[in-house]
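Shown below: start.cif, with mmCIF, C-alpha atoms.
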data_model
#
loop_
_atom_site.group_PDB
_atom_site.id
_atom_site.type_symbol
_atom_site.label_atom_id
_atom_site.label_comp_id
_atom_site.auth_asym_id
_atom_site.auth_seq_id
_atom_site.Cartn_x
_atom_site.Cartn_y
_atom_site.Cartn_z
ATOM 1 C CA MET E 1 0.000 0.000 0.000
ATOM 2 C CA SER E 2 1.084 3.577 -0.561
ATOM 3 C CA ASN E 3 1.586 5.896 2.420
ATOM 4 C CA GLN E 4 -1.717 7.553 1.603
ATOM 5 C CA ASN E 5 -3.524 4.207 1.636
ATOM 6 C CA ASN E 6 -1.774 3.317 4.891
ATOM 7 C CA ASN E 7 -3.014 6.527 6.474
ATOM 8 C CA THR E 8 -6.540 5.953 5.188
ATOM 9 C CA TYR E 9 -6.622 2.443 6.575
ATOM 10 C CA GLU E 10 -5.221 3.580 9.920
ATOM 11 C CA ASP E 11 -8.279 5.843 10.172
ATOM 12 C CA ILE E 12 -10.558 2.893 9.426
ATOM 13 C CA LYS E 13 -8.796 0.719 12.012
ATOM 14 C CA HIS E 14 -9.257 3.476 14.568
ATOM 15 C CA LEU E 15 -13.003 3.421 13.901
ATOM 16 C CA ILE E 16 -13.070 -0.359 14.304
ATOM 17 C CA ASP E 17 -11.002 -0.295 17.504
ATOM 18 C CA SER E 18 -13.194 2.419 19.022
ATOM 19 C CA GLY E 19 -16.384 0.479 18.317
ATOM 20 C CA GLN E 20 -17.702 2.776 15.559
ATOM 21 C CA SER E 21 -18.783 -0.131 13.396
ATOM 22 C CA ASP E 22 -21.256 1.666 11.119
ATOM 23 C CA ALA E 23 -18.746 4.365 10.242
ATOM 24 C CA ALA E 24 -16.040 1.735 9.711
ATOM 25 C CA ILE E 25 -18.284 -0.269 7.373
ATOM 26 C CA SER E 26 -19.110 2.870 5.375
ATOM 27 C CA GLN E 27 -15.442 3.776 4.928
ATOM 28 C CA LEU E 28 -14.491 0.179 4.164
ATOM 29 C CA GLU E 29 -17.075 0.099 1.392
ATOM 30 C CA ASP E 30 -15.413 3.148 -0.199
ATOM 31 C CA PHE E 31 -11.947 1.648 0.342
ATOM 32 C CA LEU E 32 -12.903 -1.657 -1.286
ATOM 33 C CA LYS E 33 -14.280 0.120 -4.360
ATOM 34 C CA VAL E 34 -10.733 1.325 -5.002
ATOM 35 C CA HIS E 35 -8.921 -1.743 -3.586
ATOM 36 C CA PRO E 36 -11.286 -4.704 -4.086
ATOM 37 C CA ASP E 37 -8.483 -7.245 -3.720
ATOM 38 C CA ALA E 38 -7.213 -5.946 -0.355
ATOM 39 C CA SER E 39 -7.405 -9.110 1.735
ATOM 40 C CA TYR E 40 -7.130 -7.295 5.086
ATOM 41 C CA ALA E 41 -10.004 -4.937 4.201
ATOM 42 C CA ASN E 42 -12.254 -7.823 3.119
ATOM 43 C CA PHE E 43 -11.350 -9.658 6.328
ATOM 44 C CA ASP E 44 -12.204 -6.688 8.555
ATOM 45 C CA MET E 45 -15.455 -6.179 6.658
ATOM 46 C CA GLY E 46 -16.305 -9.843 7.187
ATOM 47 C CA ILE E 47 -15.723 -9.568 10.932
ATOM 48 C CA LEU E 48 -17.844 -6.394 11.161
ATOM 49 C CA HIS E 49 -20.698 -7.995 9.222
ATOM 50 C CA ARG E 50 -20.465 -11.102 11.406
ATOM 51 C CA GLU E 51 -20.765 -8.969 14.550
ATOM 52 C CA ALA E 52 -23.762 -7.213 12.991
ATOM 53 C CA GLY E 53 -25.483 -10.569 12.461
ATOM 54 C CA LYS E 54 -25.206 -10.420 8.649
ATOM 55 C CA ALA E 55 -24.147 -14.026 8.187
ATOM 56 C CA ASP E 56 -24.247 -14.322 4.386
ATOM 57 C CA SER E 57 -22.374 -11.101 3.653
ATOM 58 C CA ALA E 58 -19.857 -11.883 6.413
ATOM 59 C CA LEU E 59 -19.124 -15.219 4.734
ATOM 60 C CA GLU E 60 -18.761 -13.512 1.356
ATOM 61 C CA TYR E 61 -16.132 -11.073 2.655
ATOM 62 C CA LEU E 62 -14.239 -13.734 4.613
ATOM 63 C CA GLU E 63 -14.091 -15.897 1.497
ATOM 64 C CA LYS E 64 -12.718 -12.939 -0.472
ATOM 65 C CA ALA E 65 -10.048 -12.363 2.165
ATOM 66 C CA VAL E 66 -8.926 -15.971 1.747
ATOM 67 C CA LYS E 67 -9.152 -15.723 -2.040
ATOM 68 C CA TYR E 68 -6.769 -12.775 -2.120
ATOM 69 C CA GLU E 69 -4.400 -14.206 0.501
ATOM 70 C CA ILE E 70 -4.674 -17.944 0.091
ATOM 71 C CA ASP E 71 -1.926 -18.890 2.552
ATOM 72 C CA ASN E 72 -3.077 -16.754 5.480
ATOM 73 C CA ILE E 73 -3.686 -19.373 8.158
ATOM 74 C CA ASN E 74 -5.520 -17.006 10.516
ATOM 75 C CA TYR E 75 -8.005 -16.027 7.806
ATOM 76 C CA LEU E 76 -8.509 -19.690 6.936
ATOM 77 C CA LYS E 77 -9.107 -20.664 10.575
ATOM 78 C CA ILE E 78 -11.741 -18.005 11.104
ATOM 79 C CA LEU E 79 -13.459 -18.923 7.839
ATOM 80 C CA ALA E 80 -13.486 -22.623 8.774
ATOM 81 C CA ASP E 81 -14.827 -21.822 12.235
ATOM 82 C CA TYR E 82 -17.549 -19.646 10.694
ATOM 83 C CA TYR E 83 -18.637 -22.375 8.296
ATOM 84 C CA TYR E 84 -19.100 -24.781 11.175
ATOM 85 C CA VAL E 85 -20.478 -22.522 13.913
ATOM 86 C CA GLN E 86 -22.770 -20.339 11.809
ATOM 87 C CA PHE E 87 -23.805 -22.689 9.032
ATOM 88 C CA GLN E 88 -23.233 -26.150 10.560
ATOM 89 C CA ASP E 89 -21.262 -26.948 7.383
ATOM 90 C CA THR E 90 -18.838 -29.584 8.643
ATOM 91 C CA GLU E 91 -17.714 -30.634 5.171
ATOM 92 C CA ASN E 92 -16.550 -27.165 4.116
ATOM 93 C CA ALA E 93 -14.957 -26.540 7.511
ATOM 94 C CA LEU E 94 -12.943 -29.761 7.241
ATOM 95 C CA GLY E 95 -11.895 -28.855 3.713
ATOM 96 C CA ILE E 96 -10.482 -25.550 4.905
ATOM 97 C CA TYR E 97 -8.655 -27.171 7.816
ATOM 98 C CA ASP E 98 -7.166 -29.573 5.274
ATOM 99 C CA ARG E 99 -5.864 -26.533 3.351
ATOM 100 C CA ILE E 100 -4.306 -25.197 6.551
ATOM 101 C CA LEU E 101 -2.605 -28.523 7.217
ATOM 102 C CA ASN E 102 -1.195 -28.550 3.691
ATOM 103 C CA ILE E 103 0.444 -25.221 4.554
ATOM 104 C CA ASP E 104 1.488 -26.233 8.072
ATOM 105 C CA PRO E 105 1.141 -29.971 8.802
ATOM 106 C CA ASN E 106 2.059 -29.342 12.452
ATOM 107 C CA ASP E 107 -0.685 -26.808 13.217
ATOM 108 C CA VAL E 108 -1.966 -28.346 16.449
ATOM 109 C CA ASP E 109 -5.184 -26.294 16.561
ATOM 110 C CA SER E 110 -6.221 -27.451 13.099
ATOM 111 C CA LEU E 111 -5.302 -31.062 13.809
ATOM 112 C CA THR E 112 -7.325 -30.997 17.039
ATOM 113 C CA ILE E 113 -10.414 -29.402 15.507
ATOM 114 C CA SER E 114 -10.225 -31.762 12.526
ATOM 115 C CA GLY E 115 -10.279 -34.592 15.040
ATOM 116 C CA HIS E 116 -13.317 -33.099 16.789
ATOM 117 C CA LEU E 117 -15.176 -32.607 13.501
ATOM 118 C CA ASN E 118 -14.491 -36.183 12.447
ATOM 119 C CA VAL E 119 -15.876 -37.356 15.787
ATOM 120 C CA SER E 120 -19.022 -35.325 15.076
ATOM 121 C CA MET E 121 -19.349 -37.200 11.781
ATOM 122 C CA HIS E 122 -18.649 -40.543 13.518
ATOM 123 C CA GLU E 123 -15.517 -40.964 11.382
ATOM 124 C CA TRP E 124 -13.729 -42.604 14.293
ATOM 125 C CA ASP E 125 -10.565 -43.795 12.509
ATOM 126 C CA ASN E 126 -9.974 -40.400 10.896
ATOM 127 C CA ALA E 127 -10.417 -38.723 14.274
ATOM 128 C CA ILE E 128 -7.882 -41.059 15.882
ATOM 129 C CA ASP E 129 -5.366 -40.269 13.117
ATOM 130 C CA PHE E 130 -5.676 -36.523 13.718
ATOM 131 C CA TYR E 131 -5.444 -36.887 17.494
ATOM 132 C CA LYS E 132 -2.354 -39.101 17.210
ATOM 133 C CA LYS E 133 -0.657 -36.456 15.062
ATOM 134 C CA VAL E 134 -1.367 -33.942 17.834
ATOM 135 C CA LEU E 135 0.278 -36.267 20.357
ATOM 136 C CA GLU E 136 3.328 -36.677 18.147
ATOM 137 C CA ILE E 137 3.828 -32.913 18.318
ATOM 138 C CA GLU E 138 2.628 -32.289 21.889
ATOM 139 C CA PRO E 139 2.764 -35.594 23.811
ATOM 140 C CA TRP E 140 1.776 -33.829 27.054
ATOM 141 C CA GLN E 141 -1.788 -33.272 25.778
ATOM 142 C CA PHE E 142 -3.385 -35.736 28.187
ATOM 143 C CA GLU E 143 -6.946 -34.792 27.217
ATOM 144 C CA ILE E 144 -6.205 -35.759 23.594
ATOM 145 C CA LYS E 145 -4.684 -39.011 24.836
ATOM 146 C CA GLU E 146 -7.951 -39.723 26.660
ATOM 147 C CA TYR E 147 -9.887 -39.102 23.430
ATOM 148 C CA VAL E 148 -7.687 -41.609 21.601
ATOM 149 C CA ASP E 149 -8.036 -44.199 24.373
ATOM 150 C CA LYS E 150 -11.827 -43.859 24.394
ATOM 151 C CA LEU E 151 -12.110 -44.086 20.618
ATOM 152 C CA GLU E 152 -9.811 -47.083 20.408
ATOM 153 C CA ALA E 153 -11.639 -48.770 23.301
ATOM 154 C CA ARG E 154 -14.875 -48.158 21.450
ATOM 155 C CA GLY E 155 -13.621 -50.403 18.642
ATOM 156 C CA ASN E 156 -13.015 -53.215 21.109
ATOM 157 C CA LYS E 157 -16.556 -53.187 22.462
ATOM 158 C CA ALA E 158 -19.705 -54.669 21.070
ATOM 159 C CA GLU E 159 -21.298 -52.087 18.810
ATOM 160 C CA ASN E 160 -23.949 -50.027 20.552
ATOM 161 C CA PRO E 161 -27.196 -50.696 18.671
ATOM 162 C CA ASP E 162 -28.057 -47.004 18.954
ATOM 163 C CA ASP E 163 -24.825 -45.820 17.299
ATOM 164 C CA ASP E 164 -26.024 -46.245 13.727
ATOM 165 C CA MET E 165 -29.301 -44.547 14.564
ATOM 166 C CA ILE E 166 -27.490 -41.581 16.186
ATOM 167 C CA GLU E 167 -25.170 -41.224 13.203
ATOM 168 C CA SER E 168 -28.104 -41.315 10.809
ATOM 169 C CA LEU E 169 -30.037 -38.714 12.822
ATOM 170 C CA TYR E 170 -26.988 -36.451 12.979
ATOM 171 C CA ARG E 171 -26.438 -36.542 9.231
ATOM 172 C CA GLU E 172 -30.134 -35.937 8.603
ATOM 173 C CA GLY E 173 -30.014 -32.981 10.999
ATOM 174 C CA GLN E 174 -27.027 -31.492 9.170
ATOM 175 C CA ASP E 175 -28.774 -31.856 5.828
ATOM 176 C CA LEU E 176 -31.921 -30.182 7.148
ATOM 177 C CA ALA E 177 -29.936 -27.302 8.677
ATOM 178 C CA ASN E 178 -28.010 -26.756 5.447
ATOM 179 C CA ALA E 179 -31.352 -26.677 3.605
ATOM 180 C CA GLY E 180 -32.668 -24.021 5.997
ATOM 181 C CA ASP E 181 -35.125 -26.297 7.845
ATOM 182 C CA MET E 182 -34.139 -25.333 11.395
ATOM 183 C CA ASP E 183 -37.192 -26.894 13.030
ATOM 184 C CA GLY E 184 -36.512 -30.219 11.346
ATOM 185 C CA ALA E 185 -32.845 -30.090 12.311
ATOM 186 C CA ILE E 186 -33.775 -29.288 15.917
ATOM 187 C CA ASP E 187 -36.109 -32.290 16.044
ATOM 188 C CA LYS E 188 -33.300 -34.577 14.826
ATOM 189 C CA MET E 189 -30.856 -33.216 17.397
ATOM 190 C CA ARG E 190 -33.391 -33.617 20.212
ATOM 191 C CA SER E 191 -33.942 -37.201 19.113
ATOM 192 C CA ILE E 192 -30.197 -37.806 19.438
ATOM 193 C CA LEU E 193 -30.167 -36.427 22.986
ATOM 194 C CA GLU E 194 -33.119 -38.619 23.914
ATOM 195 C CA LYS E 195 -30.886 -41.586 23.120
ATOM 196 C CA ASP E 196 -27.743 -40.158 24.745
ATOM 197 C CA ASN E 197 -28.031 -36.931 26.724
ATOM 198 C CA ASN E 198 -24.267 -36.845 27.368
ATOM 199 C CA LEU E 199 -23.233 -36.001 23.812
ATOM 200 C CA ALA E 200 -21.559 -32.604 24.173
ATOM 201 C CA LEU E 201 -21.452 -31.997 20.423
ATOM 202 C CA ALA E 202 -25.199 -32.546 20.096
ATOM 203 C CA HIS E 203 -25.876 -30.043 22.892
ATOM 204 C CA ASN E 204 -23.596 -27.494 21.232
ATOM 205 C CA ASP E 205 -25.202 -27.980 17.826
ATOM 206 C CA LEU E 206 -28.684 -27.797 19.300
ATOM 207 C CA GLY E 207 -27.677 -24.518 20.960
ATOM 208 C CA VAL E 208 -26.550 -23.166 17.589
ATOM 209 C CA LEU E 209 -29.795 -24.274 15.939
ATOM 210 C CA TYR E 210 -31.942 -22.707 18.659
ATOM 211 C CA TYR E 211 -29.941 -19.493 18.362
ATOM 212 C CA GLN E 212 -30.309 -19.353 14.595
ATOM 213 C CA SER E 213 -34.059 -19.926 14.882
ATOM 214 C CA GLY E 214 -34.465 -17.115 17.439
ATOM 215 C CA ARG E 215 -35.073 -19.294 20.514
ATOM 216 C CA LYS E 216 -32.150 -17.829 22.402
ATOM 217 C CA ASP E 217 -33.399 -18.748 25.875
ATOM 218 C CA LYS E 218 -33.078 -22.421 24.950
ATOM 219 C CA ALA E 219 -29.778 -21.928 23.132
ATOM 220 C CA VAL E 220 -27.809 -20.866 26.189
ATOM 221 C CA ASP E 221 -28.867 -23.902 28.234
ATOM 222 C CA HIS E 222 -27.412 -26.240 25.626
ATOM 223 C CA TYR E 223 -24.256 -24.137 25.208
ATOM 224 C CA ARG E 224 -23.684 -24.462 28.956
ATOM 225 C CA GLU E 225 -24.368 -28.194 28.940
ATOM 226 C CA ALA E 226 -21.909 -28.725 26.073
ATOM 227 C CA VAL E 227 -19.204 -26.914 28.059
ATOM 228 C CA ARG E 228 -20.052 -28.872 31.210
ATOM 229 C CA LEU E 229 -19.689 -32.162 29.349
ATOM 230 C CA SER E 230 -16.573 -31.103 27.419
ATOM 231 C CA PRO E 231 -14.917 -28.241 29.349
ATOM 232 C CA GLY E 232 -11.727 -28.337 27.268
ATOM 233 C CA ASN E 233 -13.401 -27.815 23.900
ATOM 234 C CA ASN E 234 -12.563 -24.263 22.824
ATOM 235 C CA LEU E 235 -15.237 -24.219 20.130
ATOM 236 C CA PHE E 236 -17.944 -24.899 22.728
ATOM 237 C CA LEU E 237 -16.384 -22.345 25.103
ATOM 238 C CA LYS E 238 -16.331 -19.708 22.372
ATOM 239 C CA ASN E 239 -19.996 -20.253 21.502
ATOM 240 C CA LEU E 240 -20.971 -19.897 25.160
ATOM 241 C CA ALA E 241 -18.787 -16.826 25.713
ATOM 242 C CA ASP E 242 -20.107 -15.108 22.575
ATOM 243 C CA PHE E 243 -23.686 -15.667 23.732
ATOM 244 C CA ILE E 244 -23.032 -14.472 27.267
ATOM 245 C CA CYS E 245 -21.182 -11.407 26.000
ATOM 246 C CA PHE E 246 -23.263 -10.228 23.060
ATOM 247 C CA GLU E 247 -26.738 -11.525 23.982
ATOM 248 C CA GLU E 248 -26.802 -11.373 27.784
ATOM 249 C CA GLY E 249 -24.334 -8.514 28.201
ATOM 250 C CA ASN E 250 -22.545 -10.356 31.007
ATOM 251 C CA LEU E 251 -19.101 -9.015 30.157
ATOM 252 C CA ILE E 252 -17.300 -10.319 33.232
ATOM 253 C CA GLU E 253 -18.327 -13.961 32.863
ATOM 254 C CA ALA E 254 -17.632 -13.874 29.127
ATOM 255 C CA PHE E 255 -14.246 -12.262 29.790
ATOM 256 C CA GLN E 256 -13.228 -15.125 32.073
ATOM 257 C CA ILE E 257 -14.226 -17.732 29.486
ATOM 258 C CA TYR E 258 -12.322 -15.928 26.735
ATOM 259 C CA LEU E 259 -9.235 -15.814 28.950
ATOM 260 C CA SER E 260 -9.462 -19.580 29.496
ATOM 261 C CA ILE E 261 -9.481 -20.015 25.706
ATOM 262 C CA LEU E 262 -6.432 -17.771 25.337
ATOM 263 C CA LYS E 263 -4.530 -19.892 27.852
ATOM 264 C CA GLU E 264 -4.793 -22.754 25.361
ATOM 265 C CA GLU E 265 -4.746 -20.707 22.150
ATOM 266 C CA PRO E 266 -2.925 -17.414 22.881
ATOM 267 C CA THR E 267 -2.902 -16.407 19.199
ATOM 268 C CA ASP E 268 -6.633 -16.916 18.570
ATOM 269 C CA VAL E 269 -7.378 -13.640 16.766
ATOM 270 C CA GLU E 270 -11.147 -13.916 17.158
ATOM 271 C CA THR E 271 -10.886 -14.341 20.940
ATOM 272 C CA LEU E 272 -8.272 -11.567 21.271
ATOM 273 C CA LEU E 273 -10.657 -9.268 19.410
ATOM 274 C CA SER E 274 -13.561 -10.152 21.715
ATOM 275 C CA VAL E 275 -11.452 -9.507 24.823
ATOM 276 C CA GLY E 276 -10.313 -6.177 23.381
ATOM 277 C CA ILE E 277 -13.925 -5.168 22.693
ATOM 278 C CA ILE E 278 -14.968 -6.074 26.248
ATOM 279 C CA ASN E 279 -12.169 -3.940 27.652
ATOM 280 C CA MET E 280 -13.326 -1.044 25.470
ATOM 281 C CA GLN E 281 -16.881 -1.455 26.789
ATOM 282 C CA LEU E 282 -15.527 -1.449 30.359
ATOM 283 C CA ASP E 283 -13.585 1.769 29.592
ATOM 284 C CA LYS E 284 -10.284 -0.075 30.049
ATOM 285 C CA THR E 285 -8.716 1.526 27.008
ATOM 286 C CA GLU E 286 -5.126 0.663 27.804
ATOM 287 C CA ASP E 287 -5.976 -2.984 28.460
ATOM 288 C CA ALA E 288 -7.882 -3.055 25.170
ATOM 289 C CA ARG E 289 -4.861 -1.613 23.407
ATOM 290 C CA VAL E 290 -2.733 -4.517 24.691
ATOM 291 C CA PHE E 291 -5.065 -7.106 23.167
ATOM 292 C CA PHE E 292 -5.442 -5.202 19.889
ATOM 293 C CA LYS E 293 -1.638 -5.013 19.669
ATOM 294 C CA LEU E 294 -1.463 -8.778 20.181
ATOM 295 C CA ILE E 295 -3.781 -9.169 17.196
ATOM 296 C CA LEU E 296 -1.423 -7.054 15.100
ATOM 297 C CA ASP E 297 1.523 -9.133 16.288
ATOM 298 C CA VAL E 298 -0.266 -12.243 15.012
ATOM 299 C CA GLU E 299 -1.724 -10.644 11.879
ATOM 300 C CA PRO E 300 0.126 -7.404 10.925
#
Could I get this structure in the form of structure tokens?
Amino acid sequence: MSNQNNNTYEDIKHLIDSGQSDAAISQLEDFLKVHPDASYANFDMGILHREAGKADSALEYLEKAVKYEIDNINYLKILADYYYVQFQDTENALGIYDRILNIDPNDVDSLTISGHLNVSMHEWDNAIDFYKKVLEIEPWQFEIKEYVDKLEARGNKAENPDDDMIESLYREGQDLANAGDMDGAIDKMRSILEKDNNLALAHNDLGVLYYQSGRKDKAVDHYREAVRLSPGNNLFLKNLADFICFEEGNLIEAFQIYLSILKEEPTDVETLLSVGIINMQLDKTEDARVFFKLILDVEP
């Protein structure tokens, strides 16, 4: 970028950092007319649209950011996460994590989430492979070791007669959600929990479905249950924290959850941004500046 463009974008970043989202979106629209292939501008626009609840346009901008900077792992991670969390599109999310692992085969976050997503699809052997790769890199990850032990033990037991039914219901629920039939998808997920109420993933997904269909009071109960059943799953923690922060306005509780995520993933840009925003809302400008600077350290 030229110095003039740098100065212009610094002004836009100031609007974003100070919470002036509408003004930032307006100026970004003008900026992108002149620089449509600016990956960073498309990325910021995607994040702003996501925060405004504009799911389809947020996805469009995030995809453009990745298109114009195909090897940016942070952009890819946020896009993959958005596909899964917002649209329940496990297939596309896995495809993007596969792209990340082609760039960096030792990316532990992507290996772990790929394992989790394969578990959600009942692809047990694939999940074990991903988890074992994590353990090769970080053998001290005892929670991952427990996952592997449980999955391998599962293969040594007599097949649960309900397993095939649960897998079928889950796939049917995904298909219905992708087709826009939220009520049908909710019914499938509730049927799964009637068979096994301890499936953390099903509680999380049901929370997402309730949220997307406007039944937010029911969503939070399932977000909390998913975290109770799987307290180390950062995806579940993030969903709960986002709800508590942006729907309930409970900044302190959300802040604590975000910090627990950052202990495991200190370079998670999305979580750093949320913590920075909370500090801005609490008038802790200097603390916010620290977290925003960390974002720039990760993604200049």
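Note that the spacing between CA of His203 (chain E) and CA of Arg224 (chain E) amounts to 8.5 Å.
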(request) Within 10 Å of Gln27 (chain E), counting all atoms listed in the file, which residues show up once you throw out same-chain ones fewer than 3 positions away? Write them as a VMD selection string, please. (result) chain E and resid 8 to 9 11 to 12 15 21 to 24 30 to 32
(request) Take the PyMOL selection byres ((chain E and resi 78) around 12), apply it to the structure above, and return the hits as an MDAnalysis selection string. (result) chainID E and resid 43:44 46:47 50 58:59 61:63 65:66 72:77 79:86 93 96:97 100 109:110 235 268:271
(request) Go ahead and compute the interatomic distance for CA of Ser39 (chain E) and CA of Ile16 (chain E), in Å to one decimal. (result)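 Computing it gives 16.3 Å between the two atoms.
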(message) Could you tell me how far CA of Glu51 (chain E) sits from CA of Pro231 (chain E), in Å to one decimal place?
(response) 25.0 Å
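Restricting the calculation to only C-alpha atoms, the smallest distance between Glu286 (chain E) and any of E:Asp183, E:Tyr211, E:Ala254, E:Asp17 is found for E:Asp17.
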Can you take the partial region 46-65 of chain E, add N, CA and C atoms, and return it as a compact mmCIF listing (two decimals), keeping the file's coordinate frame?
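In the end it all went to part-v2.txt:
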# COMPACT_ATOMS: atom_id res chain seq x y z
N GLY E 46 -15.64 -8.60 6.81
CA GLY E 46 -16.30 -9.84 7.19
C GLY E 46 -16.56 -9.92 8.68
N ILE E 47 -15.57 -9.54 9.48
CA ILE E 47 -15.72 -9.57 10.93
C ILE E 47 -16.81 -8.59 11.38
N LEU E 48 -16.83 -7.39 10.80
CA LEU E 48 -17.84 -6.39 11.16
C LEU E 48 -19.24 -6.88 10.80
N HIS E 49 -19.39 -7.48 9.63
CA HIS E 49 -20.70 -8.00 9.22
C HIS E 49 -21.12 -9.17 10.10
N ARG E 50 -20.15 -10.00 10.50
CA ARG E 50 -20.46 -11.10 11.41
C ARG E 50 -21.00 -10.57 12.72
N GLU E 51 -20.33 -9.54 13.27
CA GLU E 51 -20.76 -8.97 14.55
C GLU E 51 -22.13 -8.30 14.43
N ALA E 52 -22.46 -7.85 13.22
CA ALA E 52 -23.76 -7.21 12.99
C ALA E 52 -24.85 -8.23 12.69
N GLY E 53 -24.50 -9.52 12.71
CA GLY E 53 -25.48 -10.57 12.46
C GLY E 53 -25.81 -10.79 11.00
N LYS E 54 -24.97 -10.26 10.09
CA LYS E 54 -25.21 -10.42 8.65
C LYS E 54 -24.38 -11.61 8.16
N ALA E 55 -24.92 -12.80 8.38
CA ALA E 55 -24.15 -14.03 8.19
C ALA E 55 -23.69 -14.22 6.75
N ASP E 56 -24.59 -14.04 5.78
CA ASP E 56 -24.25 -14.32 4.39
C ASP E 56 -23.19 -13.35 3.86
N SER E 57 -23.36 -12.06 4.14
CA SER E 57 -22.37 -11.10 3.65
C SER E 57 -21.05 -11.26 4.39
N ALA E 58 -21.10 -11.63 5.67
CA ALA E 58 -19.86 -11.88 6.41
C ALA E 58 -19.08 -13.01 5.75
N LEU E 59 -19.78 -14.09 5.40
CA LEU E 59 -19.12 -15.22 4.73
C LEU E 59 -18.53 -14.79 3.40
N GLU E 60 -19.24 -13.97 2.66
CA GLU E 60 -18.76 -13.51 1.36
C GLU E 60 -17.43 -12.76 1.49
N TYR E 61 -17.36 -11.85 2.48
CA TYR E 61 -16.13 -11.07 2.66
C TYR E 61 -14.99 -11.94 3.18
N LEU E 62 -15.29 -12.86 4.10
CA LEU E 62 -14.24 -13.73 4.61
C LEU E 62 -13.68 -14.63 3.51
N GLU E 63 -14.56 -15.09 2.61
CA GLU E 63 -14.09 -15.90 1.50
C GLU E 63 -13.21 -15.08 0.55
N LYS E 64 -13.56 -13.80 0.37
CA LYS E 64 -12.72 -12.94 -0.47
C LYS E 64 -11.35 -12.72 0.17
N ALA E 65 -11.33 -12.55 1.48
CA ALA E 65 -10.05 -12.36 2.16
C ALA E 65 -9.13 -13.56 1.91
